[in-house]
file final_36.cif (mmCIF, C-alpha atoms and all ligand atoms)
data_coords
#
loop_
_atom_site.label_atom_id
_atom_site.label_comp_id
_atom_site.auth_asym_id
_atom_site.auth_seq_id
_atom_site.Cartn_x
_atom_site.Cartn_y
_atom_site.Cartn_z
CA MET R 9 0.00 0.00 0.00
CA GLU R 10 1.31 3.44 -0.83
CA PHE R 11 -0.05 6.44 1.03
CA ARG R 12 0.58 9.66 -0.93
CA PRO R 13 0.00 12.78 1.21
CA SER R 14 -0.83 14.81 -1.89
CA GLY R 15 -3.62 12.38 -2.81
CA ARG R 16 -7.18 12.07 -1.60
CA THR R 17 -7.53 9.35 1.00
CA VAL R 18 -10.65 8.06 2.74
CA VAL R 19 -10.12 5.76 5.74
CA ILE R 20 -13.03 3.73 7.09
CA THR R 21 -12.57 2.31 10.58
CA GLY R 22 -14.39 -0.09 12.86
CA ALA R 23 -14.21 -1.48 16.37
CA GLY R 24 -10.86 -3.24 15.68
CA ILE R 25 -8.93 0.05 15.61
CA SER R 26 -10.05 0.76 19.19
CA ALA R 27 -9.51 -2.80 20.47
CA PRO R 28 -5.86 -2.04 21.41
CA SER R 29 -7.17 0.91 23.44
CA GLY R 30 -9.09 -1.59 25.56
CA ILE R 31 -12.57 -1.29 24.01
CA ALA R 32 -14.13 -4.63 23.12
CA THR R 33 -15.11 -5.17 19.48
CA TYR R 34 -18.65 -6.05 18.50
CA ARG R 35 -17.87 -9.59 17.52
CA ALA R 36 -15.38 -10.42 20.28
CA GLY R 37 -16.98 -13.00 22.56
CA GLY R 38 -18.43 -11.91 25.89
CA SER R 39 -18.80 -8.19 25.17
CA SER R 40 -21.95 -6.26 26.10
CA TRP R 41 -22.48 -5.31 22.43
CA THR R 42 -24.17 -8.63 21.68
CA ASP R 43 -26.08 -9.06 24.97
CA PRO R 44 -29.53 -10.15 23.71
CA ARG R 45 -31.42 -8.21 26.40
CA LEU R 46 -29.54 -4.97 25.66
CA GLU R 47 -30.04 -5.49 21.95
CA SER R 48 -33.75 -6.02 22.48
CA ILE R 49 -34.31 -2.88 24.61
CA SER R 50 -32.06 -0.72 22.39
CA GLN R 51 -34.52 -0.86 19.50
CA ALA R 52 -35.71 2.53 18.28
CA SER R 53 -39.33 1.54 18.92
CA ARG R 54 -38.85 0.60 22.57
CA TYR R 55 -35.75 2.20 24.10
CA GLY R 56 -37.87 4.97 25.68
CA ASN R 57 -39.45 2.44 28.07
CA HIS R 58 -36.07 1.25 29.38
CA LEU R 59 -34.08 4.44 29.91
CA PRO R 60 -32.85 3.80 33.50
CA GLU R 61 -31.44 0.40 32.47
CA LEU R 62 -30.04 1.75 29.20
CA TRP R 63 -28.39 4.77 30.84
CA THR R 64 -26.72 2.39 33.33
CA HIS R 65 -25.30 0.48 30.35
CA TRP R 66 -24.40 3.65 28.36
CA GLY R 67 -22.77 5.07 31.51
CA GLN R 68 -20.55 1.99 31.93
CA LEU R 69 -19.59 2.09 28.26
CA LYS R 70 -18.90 5.81 28.47
CA ARG R 71 -16.63 5.23 31.48
CA THR R 72 -14.64 2.57 29.57
CA MET R 73 -14.34 4.84 26.53
CA LYS R 74 -13.49 7.94 28.56
CA ASP R 75 -10.69 6.05 30.35
CA ALA R 76 -9.33 4.68 27.04
CA VAL R 77 -6.57 6.54 25.22
CA PRO R 78 -5.95 6.73 21.46
CA ASN R 79 -3.43 4.10 20.31
CA PRO R 80 -0.67 4.38 17.65
CA ALA R 81 -3.15 3.66 14.83
CA HIS R 82 -5.45 6.58 15.79
CA LEU R 83 -2.42 8.85 16.24
CA ALA R 84 -0.83 7.88 12.91
CA LEU R 85 -4.05 8.74 11.05
CA ALA R 86 -4.20 12.16 12.72
CA GLU R 87 -0.58 12.82 11.68
CA ALA R 88 -1.25 11.59 8.17
CA GLN R 89 -4.18 14.02 7.88
CA LEU R 90 -1.86 16.93 8.76
CA ALA R 91 0.74 15.72 6.23
CA ALA R 92 -1.95 15.35 3.56
CA GLU R 93 -3.29 18.84 4.11
CA ALA R 94 0.23 20.32 4.06
CA ALA R 95 0.84 18.60 0.71
CA GLY R 96 -2.43 19.77 -0.84
CA GLY R 97 -4.20 16.44 -0.38
CA SER R 98 -6.84 15.26 2.08
CA LEU R 99 -7.46 12.44 4.52
CA ILE R 100 -10.93 11.81 5.87
CA VAL R 101 -11.76 9.24 8.52
CA ALA R 102 -15.26 7.73 8.49
CA THR R 103 -15.76 5.60 11.57
CA GLN R 104 -18.39 3.22 12.84
CA ASN R 105 -17.05 3.76 16.35
CA ILE R 106 -18.88 5.88 18.90
CA ASP R 107 -15.88 6.29 21.22
CA ALA R 108 -14.55 9.67 19.92
CA LEU R 109 -10.97 8.32 19.94
CA HIS R 110 -10.16 9.62 16.43
CA ALA R 111 -11.06 13.15 17.50
CA ARG R 112 -9.12 12.77 20.74
CA ALA R 113 -6.09 11.63 18.68
CA GLY R 114 -6.29 14.89 16.72
CA SER R 115 -8.19 13.95 13.54
CA THR R 116 -10.43 16.85 12.56
CA THR R 117 -12.14 15.44 9.48
CA VAL R 118 -14.06 12.60 11.13
CA VAL R 119 -17.41 11.34 9.87
CA GLU R 120 -19.13 9.55 12.76
CA LEU R 121 -21.38 7.12 10.92
CA HIS R 122 -23.06 5.87 14.09
CA GLY R 123 -22.78 9.07 16.13
CA SER R 124 -20.90 9.59 19.37
CA LEU R 125 -21.55 8.48 22.93
CA PHE R 126 -19.98 11.80 23.94
CA ARG R 127 -22.86 13.83 22.52
CA SER R 128 -26.36 13.84 24.02
CA ARG R 129 -29.69 15.04 22.74
CA CYS R 130 -33.27 15.39 23.92
CA ILE R 131 -35.44 12.36 23.10
CA ARG R 132 -37.61 14.89 21.25
CA LYS R 133 -35.29 15.32 18.30
CA THR R 134 -36.39 18.82 17.35
CA CYS R 135 -36.05 20.26 20.89
CA ILE R 136 -32.34 21.12 21.13
CA ALA R 137 -29.26 20.50 18.98
CA PRO R 138 -27.06 17.57 20.09
CA PHE R 139 -24.39 18.83 22.48
CA GLU R 140 -20.96 17.64 23.68
CA ASP R 141 -21.47 15.68 26.89
CA ASP R 142 -18.90 13.62 28.74
CA THR R 143 -20.85 13.44 32.01
CA ILE R 144 -21.67 9.99 33.32
CA PRO R 145 -24.89 9.66 35.31
CA GLU R 146 -25.18 7.48 38.42
CA ALA R 147 -26.44 3.94 37.75
CA GLY R 148 -30.21 4.04 37.17
CA GLU R 149 -30.30 7.83 36.81
CA VAL R 150 -31.72 9.36 33.60
CA PRO R 151 -30.31 12.79 32.67
CA ARG R 152 -32.89 15.39 31.62
CA CYS R 153 -33.09 18.01 28.88
CA GLU R 154 -32.41 21.48 30.29
CA LYS R 155 -34.95 23.04 27.97
CA CYS R 156 -38.01 20.78 28.28
CA GLY R 157 -37.25 18.32 31.10
CA ARG R 158 -37.70 15.25 28.91
CA PRO R 159 -35.05 12.50 29.13
CA LEU R 160 -31.79 12.83 27.24
CA ARG R 161 -30.30 10.04 25.13
CA PRO R 162 -26.88 9.63 23.50
CA ASP R 163 -26.54 10.95 19.94
CA VAL R 164 -25.88 7.48 18.54
CA VAL R 165 -27.70 5.36 15.99
CA LEU R 166 -29.80 2.77 17.83
CA PHE R 167 -31.03 -0.49 16.30
CA GLY R 168 -33.78 0.29 13.80
CA GLU R 169 -32.69 3.92 13.28
CA ILE R 170 -31.47 5.24 9.96
CA LEU R 171 -28.21 7.02 9.18
CA SER R 172 -28.33 10.62 8.00
CA SER R 173 -28.77 10.58 4.23
CA GLY R 174 -26.92 13.90 3.85
CA MET R 175 -23.90 12.52 5.71
CA LEU R 176 -23.90 9.38 3.54
CA ARG R 177 -24.21 11.37 0.31
CA ARG R 178 -21.26 13.59 1.26
CA LEU R 179 -19.18 10.54 2.19
CA GLU R 180 -20.00 8.88 -1.13
CA GLU R 181 -18.83 12.03 -2.93
CA GLN R 182 -15.54 11.84 -1.00
CA LEU R 183 -15.18 8.18 -1.94
CA GLU R 184 -15.86 8.92 -5.60
CA ALA R 185 -13.11 11.55 -5.56
CA ALA R 186 -10.62 9.39 -3.61
CA ASP R 187 -7.53 7.74 -5.02
CA LEU R 188 -7.00 5.57 -1.93
CA CYS R 189 -9.63 3.97 0.29
CA VAL R 190 -8.41 2.05 3.35
CA TYR R 191 -10.61 -0.02 5.66
CA ILE R 192 -9.11 -0.62 9.13
CA GLY R 193 -10.32 -2.96 11.89
CA THR R 194 -13.80 -3.75 10.69
CA SER R 195 -15.53 -7.02 9.86
CA GLY R 196 -17.42 -5.19 7.07
CA GLU R 197 -20.62 -6.93 8.13
CA VAL R 198 -22.60 -3.77 8.91
CA TRP R 199 -24.22 -1.62 6.20
CA PRO R 200 -23.22 0.90 4.78
CA VAL R 201 -19.55 0.03 5.38
CA SER R 202 -20.22 -3.35 3.75
CA ASP R 203 -20.94 -1.50 0.45
CA LEU R 204 -18.95 1.75 0.53
CA VAL R 205 -15.77 0.15 -0.83
CA MET R 206 -17.63 -0.46 -4.10
CA VAL R 207 -18.26 3.28 -4.49
CA ALA R 208 -14.52 4.01 -4.23
CA ALA R 209 -13.42 1.08 -6.41
CA ARG R 210 -15.90 1.91 -9.17
CA LYS R 211 -14.33 5.36 -9.57
CA GLY R 212 -10.79 3.96 -9.68
CA ALA R 213 -9.54 4.29 -6.08
CA ARG R 214 -7.06 1.73 -4.83
CA CYS R 215 -8.85 -0.15 -2.04
CA VAL R 216 -6.97 -1.75 0.85
CA LEU R 217 -8.18 -3.72 3.87
CA ILE R 218 -6.11 -3.77 7.08
CA ASN R 219 -7.57 -6.19 9.60
CA ALA R 220 -6.50 -8.65 12.28
CA GLU R 221 -8.09 -11.49 10.31
CA PRO R 222 -9.38 -12.07 6.77
CA TRP R 223 -13.06 -11.28 6.25
CA GLU R 224 -15.54 -14.10 6.50
CA HIS R 225 -17.14 -12.79 3.31
CA PRO R 226 -14.23 -11.28 1.29
CA HIS R 227 -15.19 -8.33 -0.90
CA PRO R 228 -13.93 -8.37 -4.51
CA SER R 229 -13.50 -4.57 -4.58
CA PHE R 230 -10.36 -4.71 -2.42
CA HIS R 231 -7.09 -4.76 -4.36
CA GLU R 232 -4.99 -5.64 -1.33
CA THR R 233 -5.48 -7.10 2.16
CA VAL R 234 -2.91 -6.65 4.94
CA ILE R 235 -3.49 -8.97 7.89
CA GLY R 236 -2.25 -7.95 11.35
CA PRO R 237 -2.83 -5.63 14.28
CA ALA R 238 -3.76 -2.07 13.26
CA GLU R 239 -1.72 -0.53 16.08
CA GLU R 240 1.43 -2.09 14.58
CA LEU R 241 0.64 -1.81 10.86
CA VAL R 242 -1.00 1.60 10.49
CA PRO R 243 1.94 3.75 11.72
CA GLY R 244 4.20 2.11 9.12
CA LEU R 245 1.71 2.13 6.25
CA PHE R 246 0.80 5.79 6.82
CA ALA R 247 4.36 6.94 7.56
CA VAL R 248 5.09 10.36 6.04
P1 LIG E 301 -16.66 -5.89 14.42
O1 LIG E 301 -16.55 -6.25 15.87
O2 LIG E 301 -17.72 -6.52 13.61
O3 LIG E 301 -15.28 -6.22 13.70
C1 LIG E 301 -14.05 -5.82 14.26
C2 LIG E 301 -12.95 -6.33 13.35
O4 LIG E 301 -11.72 -5.80 13.86
C3 LIG E 301 -12.82 -7.86 13.33
O5 LIG E 301 -12.81 -8.31 12.00
C4 LIG E 301 -11.46 -8.11 14.03
O6 LIG E 301 -10.75 -9.17 13.42
C5 LIG E 301 -10.75 -6.80 13.79
N1 LIG E 301 -9.74 -6.48 14.82
C6 LIG E 301 -9.77 -6.77 16.16
N2 LIG E 301 -8.67 -6.27 16.75
C7 LIG E 301 -7.93 -5.67 15.78
C8 LIG E 301 -6.68 -4.99 15.75
N3 LIG E 301 -5.95 -4.80 16.87
N4 LIG E 301 -6.23 -4.52 14.56
C9 LIG E 301 -6.94 -4.70 13.42
N5 LIG E 301 -8.13 -5.35 13.38
C10 LIG E 301 -8.61 -5.80 14.55
O7 LIG E 301 -16.72 -4.30 14.36
P2 LIG E 301 -17.34 -3.32 13.27
O8 LIG E 301 -17.09 -3.88 11.92
O9 LIG E 301 -16.83 -1.97 13.60
O10 LIG E 301 -18.92 -3.34 13.54
C11 LIG E 301 -19.36 -3.25 14.88
C12 LIG E 301 -20.52 -2.31 15.20
O11 LIG E 301 -20.56 -2.12 16.64
C13 LIG E 301 -20.36 -0.94 14.63
O12 LIG E 301 -21.62 -0.62 14.16
C14 LIG E 301 -19.98 -0.01 15.82
O13 LIG E 301 -20.81 1.14 15.85
C15 LIG E 301 -20.27 -0.79 17.07
N6 LIG E 301 -19.10 -0.83 18.01
C16 LIG E 301 -18.37 0.30 18.31
C17 LIG E 301 -17.26 0.22 19.15
C18 LIG E 301 -16.47 1.48 19.47
O14 LIG E 301 -17.01 2.58 19.41
N7 LIG E 301 -15.17 1.35 19.81
C19 LIG E 301 -16.87 -1.00 19.69
C20 LIG E 301 -17.64 -2.14 19.37
C21 LIG E 301 -18.76 -2.04 18.54
#

call {"tool": "encode", "arguments": {"input": "final_36.cif", "output": "structure tokens", "more": "lines below"}}
Ligand code: NAD
result
Amino acid sequence: MEFRPSGRTVVITGAGISAPSGIATYRAGGSSWTDPRLESISQASRYGNHLPELWTHWGQLKRTMKDAVPNPAHLALAEAQLAAEAAGGSLIVATQNIDALHARAGSTTVVELHGSLFRSRCIRKTCIAPFEDDTIPEAGEVPRCEKCGRPLRPDVVLFGEILSSGMLRRLEEQLEAADLCVYIGTSGEVWPVSDLVMVAARKGARCVLINAEPWEHPHPSFHETVIGPAEELVPGLFAV
């Protein structure tokens, strides 16, 4: 893989890039992500009836993510963005992660496909704009909207909710203009990440997958796959 700072690069990351920072991946056994009860009450149609239980879970997750620190892969991408911009190119990170670690590493062009656990909003979507929020409520406590008193919720995409179409359209435009598209630490099982590589490949970008293991369902749009830990590979592959 050759990273050219003067080129246009889009990086798409998943839970694997944050695993070395101590945050469990979705598919790693035993993590809360696949707890059937949590999955069931996190549905868009029913989460409002389970807010004390959900906020206890979101609070624990927020604590783990707040205590985590960006690892060499996050940091290398932030440095590569600076190098790209200095050379007249660009590097955008689109992430499925909700842990804010790319931003904390210094990346400033981050597309948060599934939102951020470190932003909250009123459950009435039109009430107030989502706001930065790193507070962690006590177990069982439900934080309230300052404006209307209704419960708050994290600004993340819950099961059964749709991603912003404007955000996706802008990302597709970036992928169409890219000359390099790199997936890092994702199983590629979740839409739209499962399909976005096609958008880049169709317009001629070189597409590379960096992952700890080969994909269960390999995607023909990738030209190259590099197997290994992101925290070791990414600093070398994005060296400037
Ligand atoms: P996933 O769990 O499906 O896949 C993670 C992939 O990362 C696996 O293929 C694994 O082999 C690989 N991996 C593990 N450690 C790695 C390492 N050190 N270096 C490189 N690769 C490594 O995750 P996904 O594809 O991101 O989908 C999971 C969904 O769950 C997403 O929708 C996301 O929003 C959510 N999630 C977020 C976080 C987070 O915010 N950190 C964590 C878990 C899940």

call {"tool": "residues_around", "arguments": {"input": "final_36.cif", "residues": "range 65-70 of chain R", "least_positions_apart": "3", "cutoff": "10 Å", "atoms": "only C-alpha atoms", "output": "list of chain:residue names"}}
result
R:Ile31, R:Ser40, R:Trp41, R:Leu46, R:Leu59, R:Pro60, R:Glu61, R:Leu62, R:Met73, R:Lys74, R:Asp75, R:Ala76, R:Ile106, R:Asp107, R:Leu125, R:Phe126, R:Asp142, R:Thr143, R:Ile144, R:Pro145, R:Glu146, R:Ala147, R:Gly148, R:Glu149, R:Arg161, R:Pro162

call {"tool": "closest_atom_pairs", "arguments": {"input": "final_36.cif", "of": "chain R", "to": "ligand LIG 301 (chain E)", "cutoff": "7 Å", "atoms": "all atoms listed in the file", "output": "CSV"}}
result
residue,atom,partner,partner_atom,distance
R:Thr21,CA,E:LIG301,O9,6.8
R:Gly22,CA,E:LIG301,O9,3.2
R:Ala23,CA,E:LIG301,O9,3.8
R:Gly24,CA,E:LIG301,O4,3.3
R:Ile25,CA,E:LIG301,N4,5.4
R:Ser26,CA,E:LIG301,N7,5.2
R:Ala27,CA,E:LIG301,N2,5.2
R:Pro28,CA,E:LIG301,N3,5.3
R:Ile31,CA,E:LIG301,N7,5.6
R:Ala32,CA,E:LIG301,C19,5.7
R:Thr33,CA,E:LIG301,C20,3.9
R:Tyr34,CA,E:LIG301,O1,3.4
R:Arg35,CA,E:LIG301,O1,4.0
R:Ala36,CA,E:LIG301,O1,6.2
R:Trp41,CA,E:LIG301,C21,6.3
R:Gln104,CA,E:LIG301,O13,4.4
R:Asn105,CA,E:LIG301,O14,3.3
R:Ile106,CA,E:LIG301,O14,3.8
R:Asp107,CA,E:LIG301,O14,4.3
R:His122,CA,E:LIG301,O13,5.5
R:Ile192,CA,E:LIG301,C9,6.3
R:Gly193,CA,E:LIG301,N5,3.6
R:Thr194,CA,E:LIG301,O8,3.5
R:Ser195,CA,E:LIG301,O5,3.7
R:Gly196,CA,E:LIG301,O8,5.0
R:Glu197,CA,E:LIG301,O8,6.0
R:Val198,CA,E:LIG301,O10,5.9
R:Ile218,CA,E:LIG301,C9,6.5
R:Asn219,CA,E:LIG301,N5,3.9
R:Ala220,CA,E:LIG301,N5,3.8
R:Glu221,CA,E:LIG301,O6,4.7
R:Trp223,CA,E:LIG301,O5,6.5
R:Gly236,CA,E:LIG301,C9,6.1
R:Pro237,CA,E:LIG301,N4,3.6
R:Ala238,CA,E:LIG301,N4,3.7
R:Glu239,CA,E:LIG301,N3,6.1

call {"tool": "residues_near_point", "arguments": {"input": "final_36.cif", "point": "(-36.8, 15.1, 30.6)", "cutoff": "12 Å", "atoms": "all atoms listed in the file", "output": "list in words"}}
result
Gly56, Leu59, Arg129, Cys130, Ile131, Arg132, Cys135, Glu149, Val150, Pro151, Arg152, Cys153, Glu154, Lys155, Cys156, Gly157, Arg158, Pro159, Leu160 and Arg161 of chain R

call {"tool": "closest_residue", "arguments": {"input": "final_36.cif", "among": "R:Gly30, R:Gly114, R:Pro13, R:Gly168", "to": "Ser53 in chain R", "atoms": "only C-alpha atoms"}}
result
R:Gly168

call {"tool": "atom_distance", "arguments": {"input": "final_36.cif", "atom1": "CA of Pro200 in chain R", "atom2": "CA of Gln51 in chain R"}}
result
18.6 Å

call {"tool": "atom_distance", "arguments": {"input": "final_36.cif", "atom1": "CA of Leu183 in chain R", "atom2": "CA of Glu224 in chain R"}}
result
23.8 Å

call {"tool": "closest_residue", "arguments": {"input": "final_36.cif", "among": "R:Leu83, R:Ala213, R:Arg127, R:Met206", "to": "Pro228 in chain R", "atoms": "all atoms listed in the file"}}
result
R:Met206

call {"tool": "atom_distance", "arguments": {"input": "final_36.cif", "atom1": "CA of Ala113 in chain R", "atom2": "CA of Val77 in chain R"}}
result
8.3 Å

call {"tool": "closest_residue", "arguments": {"input": "final_36.cif", "among": "R:Phe167, R:Glu87, R:Ile136, R:Ser29", "to": "Ala108 in chain R", "atoms": "only C-alpha atoms"}}
result
R:Ser29

call {"tool": "residues_around", "arguments": {"input": "final_36.cif", "residues": "Leu217 in chain R", "least_positions_apart": "5", "cutoff": "7 Å", "atoms": "only C-alpha atoms", "output": "list in words"}}
result
Val190, Tyr191, Ile192, Phe230, Glu232, Thr233 and Val234 of chain R

call {"tool": "closest_residue", "arguments": {"input": "final_36.cif", "among": "R:Cys189, R:Pro226, R:Ala86, R:Thr64", "to": "Phe11 in chain R", "atoms": "all atoms listed in the file"}}
result
R:Cys189

call {"tool": "closest_residue", "arguments": {"input": "final_36.cif", "among": "R:Glu47, R:Glu180, R:Glu169, R:Glu10", "to": "Gly123 in chain R", "atoms": "only C-alpha atoms"}}
result
R:Glu169

call {"tool": "residues_around", "arguments": {"input": "final_36.cif", "residues": "Leu121 in chain R", "least_positions_apart": "5", "cutoff": "10 Å", "atoms": "all atoms listed in the file", "output": "PyMOL selection string"}}
result
chain R and resi 20+102-106+164-165+171-172+175-176+179+200-201

call {"tool": "write_last_selection", "arguments": {"input": "final_36.cif", "atoms": "C-alpha atoms", "output": "PDB file, in the frame of the given file"}}
result
ATOM      1  CA  ILE R  20     -13.030   3.730   7.090  1.00  0.00           C
ATOM      2  CA  ALA R 102     -15.260   7.730   8.490  1.00  0.00           C
ATOM      3  CA  THR R 103     -15.760   5.600  11.570  1.00  0.00           C
ATOM      4  CA  GLN R 104     -18.390   3.220  12.840  1.00  0.00           C
ATOM      5  CA  ASN R 105     -17.050   3.760  16.350  1.00  0.00           C
ATOM      6  CA  ILE R 106     -18.880   5.880  18.900  1.00  0.00           C
ATOM      7  CA  VAL R 164     -25.880   7.480  18.540  1.00  0.00           C
ATOM      8  CA  VAL R 165     -27.700   5.360  15.990  1.00  0.00           C
ATOM      9  CA  LEU R 171     -28.210   7.020   9.180  1.00  0.00           C
ATOM     10  CA  SER R 172     -28.330  10.620   8.000  1.00  0.00           C
ATOM     11  CA  MET R 175     -23.900  12.520   5.710  1.00  0.00           C
ATOM     12  CA  LEU R 176     -23.900   9.380   3.540  1.00  0.00           C
ATOM     13  CA  LEU R 179     -19.180  10.540   2.190  1.00  0.00           C
ATOM     14  CA  PRO R 200     -23.220   0.900   4.780  1.00  0.00           C
ATOM     15  CA  VAL R 201     -19.550   0.030   5.380  1.00  0.00           C
TER      16      VAL R 201
END

call {"tool": "axis_aligned_box", "arguments": {"input": "final_36.cif", "around": "range 174-178 of chain R", "padding_each_side": "3 Å", "output": "lines of an AutoDock Vina configuration file"}}
result
center_x = -24.1
center_y = 11.6
center_z = 3.0
size_x = 11.7
size_y = 10.5
size_z = 11.4

call {"tool": "residues_around", "arguments": {"input": "final_36.cif", "residues": "Ala94 in chain R", "least_positions_apart": "6", "cutoff": "12 Å", "atoms": "only C-alpha atoms", "output": "PyMOL selection string"}}
result
chain R and resi 12-15+87-88+248

call {"tool": "build_atoms", "arguments": {"input": "final_36.cif", "residues": "range 122-130 of chain R", "atoms": "all heavy atoms", "output": "tab-separated table (two decimals), in the frame of the given file"}}
result
chain	number	residue	atom	x	y	z
R	122	HIS	N	-22.08	6.31	13.10
R	122	HIS	CA	-23.06	5.87	14.09
R	122	HIS	C	-23.17	6.83	15.26
R	122	HIS	O	-23.68	6.48	16.32
R	122	HIS	CB	-22.70	4.46	14.60
R	122	HIS	CG	-22.78	3.43	13.52
R	122	HIS	ND1	-22.20	2.19	13.61
R	122	HIS	CD2	-23.39	3.46	12.31
R	122	HIS	CE1	-22.44	1.50	12.50
R	122	HIS	NE2	-23.15	2.25	11.69
R	123	GLY	N	-22.66	8.06	15.08
R	123	GLY	CA	-22.78	9.07	16.13
R	123	GLY	C	-21.67	8.95	17.16
R	123	GLY	O	-20.65	8.30	16.94
R	124	SER	N	-21.91	9.60	18.31
R	124	SER	CA	-20.90	9.59	19.37
R	124	SER	C	-21.59	9.46	20.71
R	124	SER	O	-22.61	10.13	20.97
R	124	SER	CB	-20.10	10.89	19.34
R	124	SER	OG	-19.32	11.00	20.53
R	125	LEU	N	-21.02	8.63	21.57
R	125	LEU	CA	-21.55	8.48	22.93
R	125	LEU	C	-21.25	9.73	23.76
R	125	LEU	O	-21.81	9.92	24.82
R	125	LEU	CB	-20.91	7.24	23.56
R	125	LEU	CG	-21.61	6.56	24.74
R	125	LEU	CD1	-23.05	6.23	24.43
R	125	LEU	CD2	-20.86	5.31	25.15
R	126	PHE	N	-20.37	10.58	23.22
R	126	PHE	CA	-19.98	11.80	23.94
R	126	PHE	C	-20.74	13.03	23.47
R	126	PHE	O	-20.30	14.15	23.65
R	126	PHE	CB	-18.45	11.97	23.88
R	126	PHE	CG	-17.76	10.87	24.64
R	126	PHE	CD1	-17.39	9.69	24.01
R	126	PHE	CD2	-17.58	10.98	26.01
R	126	PHE	CE1	-16.82	8.65	24.73
R	126	PHE	CE2	-17.01	9.94	26.74
R	126	PHE	CZ	-16.63	8.78	26.09
R	127	ARG	N	-21.87	12.78	22.79
R	127	ARG	CA	-22.86	13.83	22.52
R	127	ARG	C	-24.20	13.32	23.03
R	127	ARG	O	-24.49	12.12	22.91
R	127	ARG	CB	-22.97	14.11	21.01
R	127	ARG	CG	-22.01	15.15	20.48
R	127	ARG	CD	-22.40	15.60	19.07
R	127	ARG	NE	-22.75	14.50	18.20
R	127	ARG	CZ	-21.89	13.81	17.46
R	127	ARG	NH1	-20.61	14.11	17.47
R	127	ARG	NH2	-22.30	12.81	16.71
R	128	SER	N	-25.01	14.22	23.59
R	128	SER	CA	-26.36	13.84	24.02
R	128	SER	C	-27.37	14.70	23.30
R	128	SER	O	-27.03	15.77	22.77
R	128	SER	CB	-26.52	14.02	25.53
R	128	SER	OG	-25.64	13.17	26.23
R	129	ARG	N	-28.60	14.22	23.28
R	129	ARG	CA	-29.69	15.04	22.74
R	129	ARG	C	-30.99	14.69	23.44
R	129	ARG	O	-31.11	13.63	24.08
R	129	ARG	CB	-29.81	14.86	21.22
R	129	ARG	CG	-30.18	13.47	20.74
R	129	ARG	CD	-30.37	13.54	19.23
R	129	ARG	NE	-30.55	12.27	18.58
R	129	ARG	CZ	-31.72	11.64	18.43
R	129	ARG	NH1	-32.82	12.13	19.00
R	129	ARG	NH2	-31.78	10.50	17.78
R	130	CYS	N	-31.96	15.61	23.33
R	130	CYS	CA	-33.27	15.39	23.92
R	130	CYS	C	-33.95	14.24	23.16
R	130	CYS	O	-33.75	14.11	21.95
R	130	CYS	CB	-34.08	16.67	23.79
R	130	CYS	SG	-35.75	16.54	24.47
